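Chemist: Structure file my_file-v1.tsv (TSV, C-alpha atoms) right here:
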```tsv
chain	number	residue	atom	x	y	z
A	1	ALA	CA	-149.69	-47.87	-48.58
A	2	ARG	CA	-152.13	-48.98	-51.23
A	3	PHE	CA	-152.51	-52.67	-51.93
A	4	LEU	CA	-150.51	-52.90	-55.12
A	5	GLY	CA	-148.44	-55.62	-56.73
A	6	SER	CA	-146.67	-56.18	-60.00
A	7	ARG	CA	-146.13	-58.99	-62.45
A	8	ASP	CA	-143.83	-58.80	-65.45
A	9	GLY	CA	-143.85	-55.02	-65.26
A	10	CYS	CA	-147.65	-54.75	-65.18
A	11	SER	CA	-149.26	-53.08	-62.19
A	12	LEU	CA	-151.97	-55.09	-60.44
A	13	GLN	CA	-154.43	-54.02	-57.77
A	14	GLY	CA	-156.14	-55.82	-54.92
A	15	ILE	CA	-159.49	-54.07	-55.19
A	16	GLY	CA	-161.04	-56.04	-52.33
A	17	LEU	CA	-158.23	-55.20	-49.93
A	18	PHE	CA	-158.19	-51.59	-51.05
A	19	LEU	CA	-161.93	-51.21	-50.41
A	20	CYS	CA	-161.63	-52.95	-47.04
A	21	GLN	CA	-158.78	-50.66	-46.06
A	22	ASN	CA	-160.80	-47.57	-46.89
A	23	LEU	CA	-163.92	-48.83	-45.11
A	24	VAL	CA	-161.90	-49.64	-42.00
A	25	ARG	CA	-160.23	-46.23	-42.02
A	26	LEU	CA	-163.62	-44.52	-42.37
A	27	MET	CA	-164.52	-46.18	-39.06
A	28	ASP	CA	-161.25	-45.03	-37.45
A	29	GLY	CA	-159.90	-48.57	-37.41
A	30	ASP	CA	-156.87	-50.32	-38.81
A	31	ILE	CA	-156.16	-53.43	-40.86
A	32	HIS	CA	-152.93	-55.41	-40.96
A	33	LEU	CA	-151.46	-58.68	-42.15
A	34	ASP	CA	-151.09	-61.38	-39.48
A	35	GLU	CA	-147.55	-62.51	-40.32
A	36	GLU	CA	-147.66	-65.35	-37.78
A	37	TYR	CA	-150.79	-67.00	-39.19
A	38	ASP	CA	-150.51	-70.55	-40.54
A	39	SER	CA	-153.50	-72.53	-41.76
A	40	GLY	CA	-151.88	-75.80	-40.73
A	41	ILE	CA	-152.27	-77.22	-44.23
A	42	GLN	CA	-148.94	-78.32	-45.65
A	43	GLY	CA	-147.96	-76.29	-48.71
A	44	ASN	CA	-150.86	-73.86	-48.20
A	45	PRO	CA	-150.00	-71.57	-45.29
A	46	GLY	CA	-152.87	-69.20	-46.09
A	47	THR	CA	-153.23	-65.54	-45.28
A	48	ARG	CA	-155.15	-63.70	-42.59
A	49	PHE	CA	-155.83	-59.97	-42.27
A	50	VAL	CA	-156.80	-58.59	-38.88
A	51	VAL	CA	-159.30	-55.73	-38.61
A	52	ASN	CA	-159.46	-53.64	-35.44
A	53	LEU	CA	-162.42	-51.26	-35.46
A	54	LYS	CA	-161.69	-49.92	-31.96
A	55	ARG	CA	-165.41	-49.80	-31.24
A	56	GLU	CA	-167.73	-51.56	-28.84
A	57	PRO	CA	-169.60	-54.53	-30.37
A	58	ILE	CA	-173.11	-53.79	-31.59
A	59	ASP	CA	-175.86	-55.02	-29.30
A	60	PRO	CA	-177.43	-58.07	-31.01
A	61	GLN	CA	-180.85	-56.87	-29.85
A	62	LEU	CA	-180.42	-53.65	-31.81
A	63	VAL	CA	-179.66	-55.64	-34.94
A	64	HIS	CA	-182.74	-57.78	-34.35
A	65	ASP	CA	-184.94	-54.73	-33.82
A	66	PHE	CA	-183.56	-53.09	-36.97
A	67	HIS	CA	-184.38	-56.10	-39.14
A	68	SER	CA	-187.80	-56.46	-37.53
A	69	SER	CA	-188.91	-52.88	-38.04
A	70	SER	CA	-186.99	-51.38	-40.96
A	71	GLY	CA	-187.92	-53.73	-43.78
A	72	ALA	CA	-184.35	-54.92	-44.20
A	73	GLY	CA	-184.14	-57.78	-46.64
A	74	THR	CA	-187.59	-57.03	-48.06
A	75	GLY	CA	-186.48	-54.83	-50.92
A	76	GLU	CA	-187.77	-51.67	-49.22
A	77	THR	CA	-185.67	-48.53	-49.36
A	78	PHE	CA	-184.52	-46.42	-46.43
A	79	PRO	CA	-184.65	-42.64	-45.93
A	80	ILE	CA	-181.81	-40.72	-47.54
A	81	GLU	CA	-180.11	-37.59	-46.33
A	82	GLU	CA	-181.27	-34.22	-47.56
A	83	SER	CA	-178.07	-33.67	-49.55
A	84	ALA	CA	-178.72	-36.91	-51.42
A	85	ARG	CA	-182.24	-35.72	-52.20
A	86	GLU	CA	-180.84	-32.54	-53.69
A	87	ASP	CA	-178.42	-34.52	-55.84
A	88	SER	CA	-181.17	-36.81	-57.10
A	89	SER	CA	-183.34	-33.84	-58.06
A	90	GLN	CA	-180.66	-32.85	-60.57
A	91	GLU	CA	-180.48	-36.35	-62.02
A	92	HIS	CA	-180.85	-36.65	-65.79
A	93	GLU	CA	-182.98	-39.32	-67.39
A	94	LEU	CA	-180.87	-42.02	-68.99
A	95	PRO	CA	-181.06	-42.28	-72.80
A	96	LYS	CA	-183.25	-45.11	-74.05
A	97	LYS	CA	-180.54	-46.42	-76.34
A	98	LEU	CA	-176.78	-46.11	-76.08
A	99	ASN	CA	-173.76	-47.95	-77.46
A	100	VAL	CA	-171.34	-48.59	-74.60
A	101	LEU	CA	-167.85	-50.07	-74.47
A	102	PHE	CA	-166.59	-51.39	-71.11
A	103	VAL	CA	-162.82	-51.98	-70.96
A	104	ASP	CA	-161.56	-54.04	-68.01
A	105	ASP	CA	-159.33	-57.10	-67.71
A	106	ASP	CA	-161.59	-58.78	-65.13
A	107	PRO	CA	-164.28	-60.85	-66.90
A	108	ILE	CA	-166.39	-61.04	-63.74
A	109	LEU	CA	-166.51	-57.25	-63.42
A	110	ARG	CA	-167.36	-56.94	-67.11
A	111	LYS	CA	-170.27	-59.36	-66.81
A	112	LEU	CA	-171.45	-57.79	-63.55
A	113	PHE	CA	-171.43	-54.34	-65.15
A	114	SER	CA	-173.39	-55.56	-68.17
A	115	ARG	CA	-176.02	-57.31	-66.07
A	116	CYS	CA	-176.47	-54.39	-63.68
A	117	VAL	CA	-176.73	-51.80	-66.45
A	118	ARG	CA	-179.36	-53.84	-68.27
A	119	THR	CA	-181.59	-53.62	-65.19
A	120	VAL	CA	-181.83	-49.83	-65.58
A	121	ALA	CA	-181.16	-49.47	-69.32
A	122	PRO	CA	-182.30	-52.71	-71.02
A	123	ALA	CA	-182.01	-51.29	-74.56
A	124	TRP	CA	-178.36	-50.27	-74.22
A	125	THR	CA	-175.83	-52.18	-76.29
A	126	ILE	CA	-172.79	-53.12	-74.21
A	127	ARG	CA	-169.56	-54.33	-75.77
A	128	GLU	CA	-166.63	-55.62	-73.73
A	129	ALA	CA	-162.86	-55.42	-74.12
A	130	SER	CA	-160.22	-56.96	-71.85
A	131	ASN	CA	-157.48	-54.44	-72.69
A	132	GLY	CA	-156.73	-51.14	-74.34
A	133	GLU	CA	-155.47	-52.70	-77.55
A	134	THR	CA	-158.80	-54.47	-78.10
A	135	ALA	CA	-160.66	-51.27	-77.31
A	136	LEU	CA	-158.71	-49.39	-79.97
A	137	ARG	CA	-159.56	-52.08	-82.50
A	138	LEU	CA	-163.27	-51.97	-81.63
A	139	VAL	CA	-163.57	-48.19	-81.95
A	140	GLY	CA	-162.20	-48.57	-85.46
A	141	GLU	CA	-165.07	-50.91	-86.30
A	142	GLU	CA	-168.04	-49.17	-84.71
A	143	ASN	CA	-169.10	-45.97	-82.99
A	144	PHE	CA	-169.64	-45.75	-79.25
A	145	ASP	CA	-171.51	-43.16	-77.20
A	146	LEU	CA	-169.80	-43.95	-73.90
A	147	ILE	CA	-166.54	-45.76	-73.09
A	148	PHE	CA	-165.42	-46.94	-69.65
A	149	VAL	CA	-161.68	-47.64	-69.28
A	150	ASP	CA	-159.99	-49.33	-66.33
A	151	MET	CA	-156.55	-48.10	-65.28
A	152	TYR	CA	-154.63	-51.36	-64.89
A	153	MET	CA	-155.22	-54.35	-67.15
A	154	ALA	CA	-153.04	-57.30	-66.22
A	155	SER	CA	-151.45	-59.65	-68.71
A	156	VAL	CA	-148.38	-61.81	-69.12
A	157	GLU	CA	-147.31	-59.14	-71.60
A	158	LYS	CA	-147.18	-55.43	-70.91
A	159	GLN	CA	-150.29	-53.68	-72.17
A	160	LEU	CA	-151.60	-50.15	-72.37
A	161	LEU	CA	-152.59	-48.43	-69.17
A	162	GLY	CA	-156.06	-46.95	-69.04
A	163	THR	CA	-154.70	-43.42	-69.37
A	164	GLU	CA	-152.59	-44.44	-72.36
A	165	THR	CA	-155.68	-45.96	-73.95
A	166	VAL	CA	-157.69	-42.79	-73.39
A	167	ARG	CA	-154.94	-40.62	-74.84
A	168	GLU	CA	-154.71	-42.81	-77.94
A	169	LEU	CA	-158.49	-42.80	-78.35
A	170	ARG	CA	-158.45	-38.99	-78.40
A	171	ASN	CA	-155.50	-38.98	-80.80
A	172	ARG	CA	-157.56	-41.12	-83.16
A	173	GLY	CA	-160.41	-38.64	-83.10
A	174	VAL	CA	-162.76	-40.49	-80.76
A	175	ALA	CA	-164.99	-37.74	-79.41
A	176	CYS	CA	-167.53	-39.68	-77.34
A	177	ARG	CA	-167.80	-39.61	-73.56
A	178	ILE	CA	-164.95	-41.46	-71.82
A	179	CYS	CA	-165.00	-42.41	-68.15
A	180	GLY	CA	-161.86	-43.56	-66.34
A	181	LEU	CA	-162.14	-46.43	-63.84
A	182	SER	CA	-159.97	-47.48	-60.93
A	183	ALA	CA	-160.13	-48.71	-57.35
A	184	ASN	CA	-157.50	-46.07	-56.55
A	185	ASP	CA	-157.78	-42.35	-57.02
A	186	LYS	CA	-156.57	-41.91	-60.61
A	187	GLU	CA	-158.91	-39.07	-61.42
A	188	ALA	CA	-156.26	-36.45	-62.19
A	189	GLU	CA	-154.37	-38.79	-64.52
A	190	PHE	CA	-157.51	-39.75	-66.46
A	191	LEU	CA	-158.75	-36.19	-66.86
A	192	GLU	CA	-155.31	-35.09	-68.02
A	193	ALA	CA	-155.28	-37.91	-70.58
A	194	GLY	CA	-158.58	-36.70	-72.06
A	195	ALA	CA	-161.33	-38.49	-70.14
A	196	ASN	CA	-164.50	-36.52	-69.41
A	197	VAL	CA	-165.06	-37.98	-65.98
A	198	PHE	CA	-163.74	-40.55	-63.51
A	199	THR	CA	-165.47	-43.01	-61.20
A	200	PHE	CA	-164.32	-45.51	-58.60
A	201	LYS	CA	-164.69	-49.26	-59.00
A	202	PRO	CA	-166.81	-51.19	-58.40
A	203	PHE	CA	-170.00	-49.73	-59.85
A	204	PRO	CA	-173.04	-49.75	-57.55
A	205	CYS	CA	-175.54	-52.49	-58.32
A	206	GLU	CA	-178.59	-50.99	-56.64
A	207	ALA	CA	-180.82	-49.52	-59.36
A	208	ARG	CA	-181.14	-45.97	-58.08
A	209	ALA	CA	-177.47	-45.58	-57.17
A	210	LEU	CA	-176.44	-47.06	-60.51
A	211	THR	CA	-178.76	-44.74	-62.42
A	212	GLN	CA	-177.32	-41.72	-60.61
A	213	GLU	CA	-173.73	-42.79	-61.33
A	214	LEU	CA	-174.42	-43.49	-65.00
A	215	SER	CA	-176.14	-40.13	-65.24
A	216	ARG	CA	-173.10	-38.43	-63.73
A	217	CYS	CA	-170.79	-40.22	-66.17
A	218	LEU	CA	-172.94	-39.05	-69.08
A	219	TYR	CA	-173.67	-35.47	-68.12
A	220	SER	CA	-171.01	-34.27	-65.65
A	221	ASP	CA	-167.46	-33.20	-66.37
A	222	GLY	CA	-164.39	-32.93	-64.20
A	223	PRO	CA	-163.61	-34.10	-60.66
A	224	VAL	CA	-165.86	-36.29	-58.55
A	225	ASP	CA	-167.82	-34.20	-56.04
```
Show this structure as structure tokens.
Modeler:
Amino acid sequence: ARFLGSRDGCSLQGIGLFLCQNLVRLMDGDIHLDEEYDSGIQGNPGTRFVVNLKREPIDPQLVHDFHSSSGAGTGETFPIEESAREDSSQEHELPKKLNVLFVDDDPILRKLFSRCVRTVAPAWTIREASNGETALRLVGEENFDLIFVDMYMASVEKQLLGTETVRELRNRGVACRICGLSANDKEAEFLEAGANVFTFKPFPCEARALTQELSRCLYSDGPVD
């Protein structure tokens, strides 16, 4: 099951747990809640998740050799697979200037996105909105070239889902590029609502990976490859 919760009828997501679950499964492991755990602090029992990777521990000497010879931690890049080289050869150059709206209820993710994007596109203008209602107001005040919309935006009051926001944007005649965002696979729902493309949260922060993903959001249509 996905790590989902609800509050006052609004769906919430544990993005960290969801990402951990997927990473563990990619390594043929499992993750579960330790129901017997107690921190020993009165009133704060705490929570512990147990990860079983079902693999032999890595030899510490191999880790040492890797860091000594590969340039890890020095800012150097590592070889990429041939398929990745082919993908990068089709990469479009990012526009020098662009007006972008990023819609997400998490202020940390909004700030992180803005800071990362400015490292690869310093002249882009990035506006932020914490919910769909604010996004709809902003598009009535200015024009955007690219809009990112998260699926679930929590609040004490029920607010528009990302797909509902996208559908309303299209109903209002907004014709710019729209990219759906979620930690879960909501691609089909976003595309059906009128989004051009979908991407998983969180965005990559490394410059090359971020440039490739922004390029895909700008120039590709349909399902994620």
Chemist: Distance CA of Leu94 in chain A-CA of Ile126 in chain A, one decimal place?
Modeler: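 CA of Leu94 in chain A sits 14.7 Å away from CA of Ile126 in chain A.
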Chemist: Expressed in Å to a single decimal, how great is the separation between CA of Gln159 in chain A and CA of Phe18 in chain A?
Modeler: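 Here the two named atoms are 22.6 Å from each other.
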Chemist: Please measure the separation of CA of Ala183 in chain A and CA of Phe200 in chain A, giving the value in Å to one decimal.
Modeler: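 We find that CA of Ala183 in chain A and CA of Phe200 in chain A lie 5.4 Å from each other.
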Chemist: Name the closest residue to Val103 in chain A among the candidates A:Gln42, A:Thr125, A:Asn196, A:Thr165; distances are taken between atoms, counting all atoms listed in the file.
Modeler: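 Of A:Gln42, A:Thr125, A:Asn196, A:Thr165, the one nearest Val103 in chain A, counting all atoms listed in the file, is A:Thr165.
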Chemist: Kindly provide, as lines of an AutoDock Vina configuration file, the centre and edge lengths (Å, one decimal) of an axis-aligned box around all atoms of range 176-192 of chain A given in the file, with 3 Å on each side.
Modeler:
```
center_x = -161.1
center_y = -41.9
center_z = -66.9
size_x = 19.4
size_y = 19.6
size_z = 26.8
```
Chemist: Using all atoms listed in the file, find the one residue out of A:Leu26, A:Val117, A:Val197, A:Leu218 that sits nearest to Cys179 in chain A.
Modeler: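 Under the stated criterion, the closest residue is A:Val197.
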Chemist: Let me make sure I understand: among A:Leu53, A:Leu169, A:Ala123, A:Cys176, which one has the smallest atom-to-atom distance to Arg137 in chain A if we use all atoms listed in the file?
Modeler: A:Leu169
Chemist: Quick one: of A:Val50, A:Ala129, A:Leu17, A:Leu181, who's nearest to Val149 in chain A, counting all atoms listed in the file?
Modeler: A:Leu181
Chemist: Looking at A:Tyr152, A:Asn99, A:Thr134, A:Arg55, which one is nearest to Asp28 in chain A, with distances taken over all atoms listed in the file?
Modeler: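 Among the listed residues, A:Arg55 lies closest to Asp28 in chain A.
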